[in-house]
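What follows is work_9.cif (mmCIF, C-alpha atoms).
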data_start
loop_
_atom_site.label_atom_id
_atom_site.label_comp_id
_atom_site.auth_asym_id
_atom_site.auth_seq_id
_atom_site.Cartn_x
_atom_site.Cartn_y
_atom_site.Cartn_z
CA MET N 1 -0.58 -25.71 14.30
CA GLU N 2 1.51 -24.45 11.38
CA GLN N 3 3.99 -27.27 11.92
CA TYR N 4 1.09 -29.75 11.95
CA ARG N 5 -0.20 -28.42 8.61
CA ASP N 6 3.31 -28.66 7.17
CA GLY N 7 3.46 -32.31 8.21
CA ILE N 8 0.13 -33.04 6.56
CA SER N 9 1.28 -31.35 3.34
CA GLU N 10 4.57 -33.22 3.35
CA GLU N 11 2.83 -36.59 3.76
CA ARG N 12 0.49 -35.76 0.89
CA GLU N 13 3.41 -34.70 -1.30
CA LEU N 14 5.25 -37.96 -0.58
CA LEU N 15 2.27 -40.00 -1.79
CA GLN N 16 1.96 -37.83 -4.88
CA ARG N 17 5.63 -38.41 -5.66
CA ILE N 18 5.22 -42.15 -5.12
CA ALA N 19 2.30 -42.12 -7.54
CA ARG N 20 4.78 -40.67 -10.07
CA ARG N 21 7.08 -43.65 -9.32
CA ASP N 22 9.57 -41.73 -7.21
CA GLU N 23 11.53 -44.41 -5.35
CA ALA N 24 13.23 -41.86 -3.09
CA ALA N 25 9.83 -40.73 -1.80
CA LEU N 26 8.92 -44.35 -1.00
CA GLU N 27 12.16 -44.71 0.96
CA VAL N 28 11.34 -41.59 2.99
CA LEU N 29 7.82 -42.83 3.68
CA TYR N 30 9.17 -46.23 4.70
CA GLU N 31 11.70 -44.68 7.07
CA ARG N 32 9.02 -42.59 8.77
CA TYR N 33 6.16 -45.06 9.00
CA ALA N 34 7.46 -48.63 8.74
CA ARG N 35 7.90 -49.04 12.50
CA LEU N 36 4.51 -47.60 13.31
CA LEU N 37 2.67 -49.64 10.67
CA TYR N 38 4.60 -52.73 11.73
CA SER N 39 3.38 -52.19 15.29
CA VAL N 40 -0.23 -52.09 14.06
CA ILE N 41 0.25 -55.31 12.07
CA LEU N 42 2.09 -57.09 14.87
CA ALA N 43 -0.56 -56.16 17.40
CA MET N 44 -3.17 -57.79 15.16
CA LEU N 45 -1.27 -60.85 13.87
CA LYS N 46 0.87 -61.47 16.99
CA HIS N 47 3.54 -63.23 14.90
CA PRO N 48 6.67 -61.34 13.78
CA PRO N 49 7.48 -63.30 10.57
CA ASP N 50 3.96 -62.85 9.23
CA ALA N 51 3.95 -59.20 10.33
CA GLN N 52 7.23 -58.54 8.52
CA ASP N 53 5.96 -60.21 5.34
CA LEU N 54 2.72 -58.27 5.46
CA LEU N 55 4.54 -54.97 6.02
CA GLN N 56 6.43 -55.52 2.77
CA GLU N 57 3.14 -56.30 1.02
CA VAL N 58 1.67 -53.08 2.41
CA PHE N 59 4.48 -50.97 0.98
CA ILE N 60 4.18 -52.73 -2.37
CA GLN N 61 0.50 -51.81 -2.32
CA ILE N 62 1.39 -48.23 -1.41
CA TRP N 63 3.81 -48.14 -4.37
CA ASN N 64 1.14 -49.47 -6.73
CA ASN N 65 -1.85 -47.54 -5.40
CA ALA N 66 -0.53 -44.22 -4.11
CA GLY N 67 -2.40 -42.51 -6.95
CA SER N 68 -5.71 -43.60 -5.40
CA PHE N 69 -5.12 -41.48 -2.30
CA ASP N 70 -7.73 -38.71 -2.17
CA PRO N 71 -6.70 -35.83 0.15
CA THR N 72 -10.29 -34.60 0.24
CA ARG N 73 -11.32 -37.75 2.11
CA GLY N 74 -8.68 -37.71 4.84
CA THR N 75 -5.01 -37.39 5.65
CA ALA N 76 -2.20 -39.47 4.20
CA TYR N 77 -1.63 -40.89 7.67
CA SER N 78 -5.22 -42.15 7.98
CA TRP N 79 -4.99 -43.62 4.46
CA LEU N 80 -1.80 -45.51 5.34
CA VAL N 81 -3.22 -46.86 8.58
CA ALA N 82 -6.52 -47.88 6.96
CA LEU N 83 -4.68 -49.65 4.13
CA THR N 84 -2.47 -51.48 6.66
CA ARG N 85 -5.42 -52.43 8.84
CA ASN N 86 -7.38 -53.77 5.87
CA ARG N 87 -4.47 -55.95 4.78
CA ALA N 88 -4.06 -57.27 8.32
CA ILE N 89 -7.78 -58.03 8.53
CA ASP N 90 -7.60 -59.92 5.23
CA LYS N 91 -4.74 -61.94 6.69
CA LEU N 92 -6.62 -62.60 9.93
CA ARG N 93 -9.64 -63.82 8.00
CA SER N 94 -7.66 -66.05 5.68
CA LYS N 95 -8.03 -69.77 6.22
CA SER N 96 -4.75 -70.11 8.10
CA PHE N 97 -5.64 -67.35 10.55
CA ARG N 98 -9.37 -67.83 10.97
CA GLU N 99 -9.11 -69.69 14.25
CA GLN N 100 -6.18 -67.72 15.62
CA ARG N 101 -7.82 -64.38 16.30
CA GLN N 102 -7.19 -63.40 19.88
CA ALA N 103 -9.30 -61.15 22.06
CA ASP N 104 -6.27 -59.89 24.01
CA THR N 105 -5.60 -56.32 22.88
CA SER N 106 -2.41 -55.93 24.91
CA LEU N 107 0.69 -54.96 22.99
CA ASP N 108 2.92 -56.42 25.71
CA GLY N 109 4.42 -59.81 25.01
CA VAL N 110 3.89 -59.80 21.23
CA LEU N 111 7.64 -60.04 20.75
CA GLU N 112 8.02 -63.14 22.90
CA HIS N 113 8.63 -65.59 20.06
CA PRO N 114 11.48 -68.12 20.04
CA ASP N 115 12.16 -67.75 16.32
CA GLY N 116 14.36 -64.68 16.88
CA ALA N 117 12.73 -62.82 13.99
CA LEU N 118 13.47 -59.46 15.61
CA THR N 119 16.83 -58.18 16.76
CA PRO N 120 17.04 -56.62 20.23
CA LEU N 121 17.18 -53.21 18.56
CA ASP N 122 14.06 -53.97 16.53
CA ALA N 123 12.28 -55.17 19.66
CA THR N 124 13.24 -52.01 21.54
CA VAL N 125 12.02 -49.74 18.76
CA VAL N 126 8.74 -51.61 18.30
CA LEU N 127 8.05 -51.64 22.03
CA GLU N 128 8.83 -47.92 22.15
CA ARG N 129 6.30 -47.33 19.36
CA ALA N 130 3.81 -49.56 21.15
CA GLY N 131 4.25 -47.43 24.25
CA ILE N 132 3.60 -44.29 22.23
CA VAL N 133 0.42 -45.81 20.81
CA ARG N 134 -0.75 -46.89 24.27
CA THR N 135 -0.09 -43.41 25.64
CA ALA N 136 -1.98 -41.85 22.74
CA LEU N 137 -4.92 -44.24 23.15
CA ALA N 138 -5.13 -43.38 26.85
CA GLN N 139 -5.82 -39.78 25.88
CA LEU N 140 -8.95 -40.69 23.92
CA SER N 141 -12.45 -40.92 25.27
CA THR N 142 -13.58 -44.37 26.42
CA GLY N 143 -15.83 -44.77 23.37
CA GLN N 144 -13.13 -43.73 20.91
CA ARG N 145 -10.51 -45.98 22.50
CA GLU N 146 -12.84 -48.98 22.69
CA ALA N 147 -13.85 -48.69 19.03
CA LEU N 148 -10.27 -48.25 17.79
CA GLU N 149 -8.92 -51.13 19.86
CA MET N 150 -11.63 -53.44 18.54
CA ALA N 151 -10.91 -52.36 14.96
CA TYR N 152 -7.12 -52.23 14.96
CA PHE N 153 -6.15 -54.87 17.51
CA GLN N 154 -8.99 -57.38 17.15
CA GLY N 155 -9.83 -56.93 13.48
CA TYR N 156 -13.53 -56.12 13.80
CA THR N 157 -15.29 -54.15 11.07
CA GLN N 158 -17.27 -51.03 11.95
CA SER N 159 -20.53 -52.93 11.56
CA GLU N 160 -19.30 -55.69 13.89
CA ILE N 161 -18.19 -53.11 16.46
CA ALA N 162 -21.62 -51.47 16.35
CA GLU N 163 -23.25 -54.86 16.89
CA GLN N 164 -20.88 -55.86 19.70
CA LEU N 165 -21.30 -52.54 21.52
CA GLN N 166 -25.00 -52.23 20.67
CA THR N 167 -24.24 -48.75 19.38
CA PRO N 168 -25.52 -47.09 16.17
CA LEU N 169 -23.12 -47.55 13.24
CA GLY N 170 -23.00 -43.79 12.68
CA THR N 171 -21.84 -43.27 16.25
CA VAL N 172 -19.09 -45.87 15.85
CA LYS N 173 -17.90 -44.21 12.65
CA THR N 174 -17.83 -40.81 14.33
CA ARG N 175 -15.91 -42.13 17.33
CA MET N 176 -13.35 -43.82 15.09
CA ARG N 177 -12.93 -40.77 12.86
CA GLN N 178 -12.46 -38.42 15.82
CA GLY N 179 -10.23 -40.89 17.63
CA LEU N 180 -8.02 -41.37 14.58
CA GLN N 181 -7.69 -37.62 14.15
CA LYS N 182 -6.57 -37.22 17.75
CA LEU N 183 -4.15 -40.14 17.42
CA HIS N 184 -2.76 -38.56 14.28
CA ASP N 185 -2.16 -35.28 16.09
CA ILE N 186 -0.28 -37.04 18.89
CA LEU N 187 1.73 -39.42 16.70
CA GLN N 188 2.54 -36.75 14.12
CA LYS N 189 4.20 -34.68 16.83
CA GLN N 190 6.22 -37.72 17.90
CA ILE N 191 7.28 -38.52 14.33
CA GLN N 192 8.38 -34.93 13.79
CA TYR N 193 10.28 -35.02 17.08
CA ASP N 194 12.03 -38.28 16.12
CA HIS N 195 12.83 -36.95 12.64
CA GLY N 196 14.22 -33.73 14.10
CA ASN N 197 16.45 -35.66 16.49
CA SER N 198 17.72 -37.97 13.76
CA THR N 199 18.82 -35.03 11.61
CA SER N 200 20.28 -32.91 14.40
#
The structure given in the file should be rewritten as structure tokens.
Amino acid sequence: MEQYRDGISEERELLQRIARRDEAALEVLYERYARLLYSVILAMLKHPPDAQDLLQEVFIQIWNNAGSFDPTRGTAYSWLVALTRNRAIDKLRSKSFREQRQADTSLDGVLEHPDGALTPLDATVVLERAGIVRTALAQLSTGQREALEMAYFQGYTQSEIAEQLQTPLGTVKTRMRQGLQKLHDILQKQIQYDHGNSTS
């Protein structure tokens, strides 16, 4: 638990440093979260070139808006994921993407594009992250998993999820909040494990 709190504090400190225009802090944040955020974007857009472009836009937004992060409203991790998801939804709902939204929530096969945008190493890392996310999702309750998959992989808003599931909006919000917290716990441990191995 102490290690978990240290991770939360370190994430918050990184965003505070970025808000003060600390480029080194942005590099650290990018190293830790780029692959994970890219996996979220790729799962929604299903097209590597667009996902790569959007990831760069996300980190530009982080650089410009890190000062708007409010630690009293959630963790840095949840802020990063929400920002990424919102940008991906904007992309999905743009004119060029409006008719391309797919109901398939599977993360398998999203790298099967002939344009060679990803190197084999990139593909391996992204698929590894995708596996981690799938494993983490499997540990959630059915309601939490269903709501998060609809939001993060299909681009539905909370109101649309409530309508689709015929569930009160407050219940959907609670499920998503609790599900995100559990995902954070699981993924934070993995990130710390990866970071520890990379420095050992």
Residue with smallest distance to Leu15 (chain N) - pool N:Ala138, N:Ala66, N:Met44, N:Leu55, counting all atoms listed in the file: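 Smallest distance to Leu15 (chain N) is found for N:Ala66.
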What is the CA of Leu180 (chain N)-CA of Val28 (chain N) distance in Å, reported with one decimal? 22.6 Å
Just checking: using all atoms listed in the file, which residue out of N:Ile18, N:Asn65, N:Leu29, N:Leu92 ends up closest to Ile41 (chain N)?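 Answer, going by the shortest atom-to-atom distance: N:Leu92.
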Considering only C-alpha atoms, return as a short mmCIF file (atom, residue, chain, number, x, y, z; two decimals) with C-alpha atoms, in the coordinates of the input whatever protein or nucleic-acid residues lie within 12 Å of Tyr30 (chain N), sequence-local ones (same chain, fewer than 6 positions apart) excluded.
data_model
loop_
_atom_site.label_atom_id
_atom_site.label_comp_id
_atom_site.auth_asym_id
_atom_site.auth_seq_id
_atom_site.Cartn_x
_atom_site.Cartn_y
_atom_site.Cartn_z
CA GLU N 11 2.83 -36.59 3.76
CA LEU N 14 5.25 -37.96 -0.58
CA LEU N 15 2.27 -40.00 -1.79
CA ILE N 18 5.22 -42.15 -5.12
CA GLU N 23 11.53 -44.41 -5.35
CA ALA N 24 13.23 -41.86 -3.09
CA LEU N 36 4.51 -47.60 13.31
CA LEU N 37 2.67 -49.64 10.67
CA TYR N 38 4.60 -52.73 11.73
CA LEU N 55 4.54 -54.97 6.02
CA GLN N 56 6.43 -55.52 2.77
CA VAL N 58 1.67 -53.08 2.41
CA PHE N 59 4.48 -50.97 0.98
CA ILE N 60 4.18 -52.73 -2.37
CA ILE N 62 1.39 -48.23 -1.41
CA TRP N 63 3.81 -48.14 -4.37
CA LEU N 80 -1.80 -45.51 5.34
#
I'd like the interatomic distance between CA of Leu54 (chain N) and CA of Leu83 (chain N), to a tenth of an Å.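 Pair CA of Leu54 (chain N) / CA of Leu83 (chain N) returns 11.4 Å.
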Pick from N:Arg93, N:Pro48, N:Ala34, N:Thr135, whichever lies nearest to Val81 (chain N) using only C-alpha atoms: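 Nearest to Val81 (chain N): N:Ala34.
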Take CA of Gln158 (chain N) and CA of Val172 (chain N) and report the distance between them in Å, one decimal. 6.7 Å
With distances taken over all atoms listed in the file, which of N:Arg134, N:Arg32, N:Arg145, N:Arg73 is nearest to Glu10 (chain N)?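 Among the listed residues, N:Arg32 lies closest to Glu10 (chain N).
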Would you mind telling me which residue in N:Arg177, N:Ile161, N:Ala147, N:Lys189 lies nearest to Ser78 (chain N) when using all atoms listed in the file? N:Arg177
Counting all atoms listed in the file, figure out which residue out of N:Arg175, N:Arg35, N:His47, N:Arg85 gets nearest to Gly143 (chain N).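 Among the listed residues, the smallest separation from Gly143 (chain N) belongs to N:Arg175.
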Specify as a list in words each residue included when the PyMOL selection byres ((chain N and resi 77) around 9) is applied to this file.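 Selected by the PyMOL selection byres ((chain N and resi 77) around 9) in this file: Ile8, Glu11, Arg12, Tyr33, Gly74, Thr75, Ala76, Ser78, Trp79, Leu80, Val81, Ala82, His184 and Gln188 of chain N.
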Write the residues of the selection above to a file with C-alpha atoms, as a PDB file, keeping the file's coordinate frame.
ATOM      1  CA  ILE N   8       0.130 -33.040   6.560  1.00  0.00           C
ATOM      2  CA  GLU N  11       2.830 -36.590   3.760  1.00  0.00           C
ATOM      3  CA  ARG N  12       0.490 -35.760   0.890  1.00  0.00           C
ATOM      4  CA  TYR N  33       6.160 -45.060   9.000  1.00  0.00           C
ATOM      5  CA  GLY N  74      -8.680 -37.710   4.840  1.00  0.00           C
ATOM      6  CA  THR N  75      -5.010 -37.390   5.650  1.00  0.00           C
ATOM      7  CA  ALA N  76      -2.200 -39.470   4.200  1.00  0.00           C
ATOM      8  CA  SER N  78      -5.220 -42.150   7.980  1.00  0.00           C
ATOM      9  CA  TRP N  79      -4.990 -43.620   4.460  1.00  0.00           C
ATOM     10  CA  LEU N  80      -1.800 -45.510   5.340  1.00  0.00           C
ATOM     11  CA  VAL N  81      -3.220 -46.860   8.580  1.00  0.00           C
ATOM     12  CA  ALA N  82      -6.520 -47.880   6.960  1.00  0.00           C
ATOM     13  CA  HIS N 184      -2.760 -38.560  14.280  1.00  0.00           C
ATOM     14  CA  GLN N 188       2.540 -36.750  14.120  1.00  0.00           C
TER      15      GLN N 188
END
Find the smallest box with edges along x, y and z containing every listed atom of region 8-26 of chain N, then add 5 Å on each side and report centre and edge lengths in Å to one decimal, as JSON.
{"center_x": 6.7, "center_y": -37.9, "center_z": -1.8, "size_x": 23.1, "size_y": 23.1, "size_z": 26.6}
Do you know which residues the PyMOL selection byres ((chain N and resi 159) around 12) returns on this file, as a list of chain:residue names? N:Ala147, N:Met150, N:Ala151, N:Gly155, N:Tyr156, N:Thr157, N:Gln158, N:Glu160, N:Ile161, N:Ala162, N:Glu163, N:Gln164, N:Leu165, N:Gln166, N:Thr167, N:Pro168, N:Leu169, N:Gly170, N:Thr171, N:Val172, N:Lys173
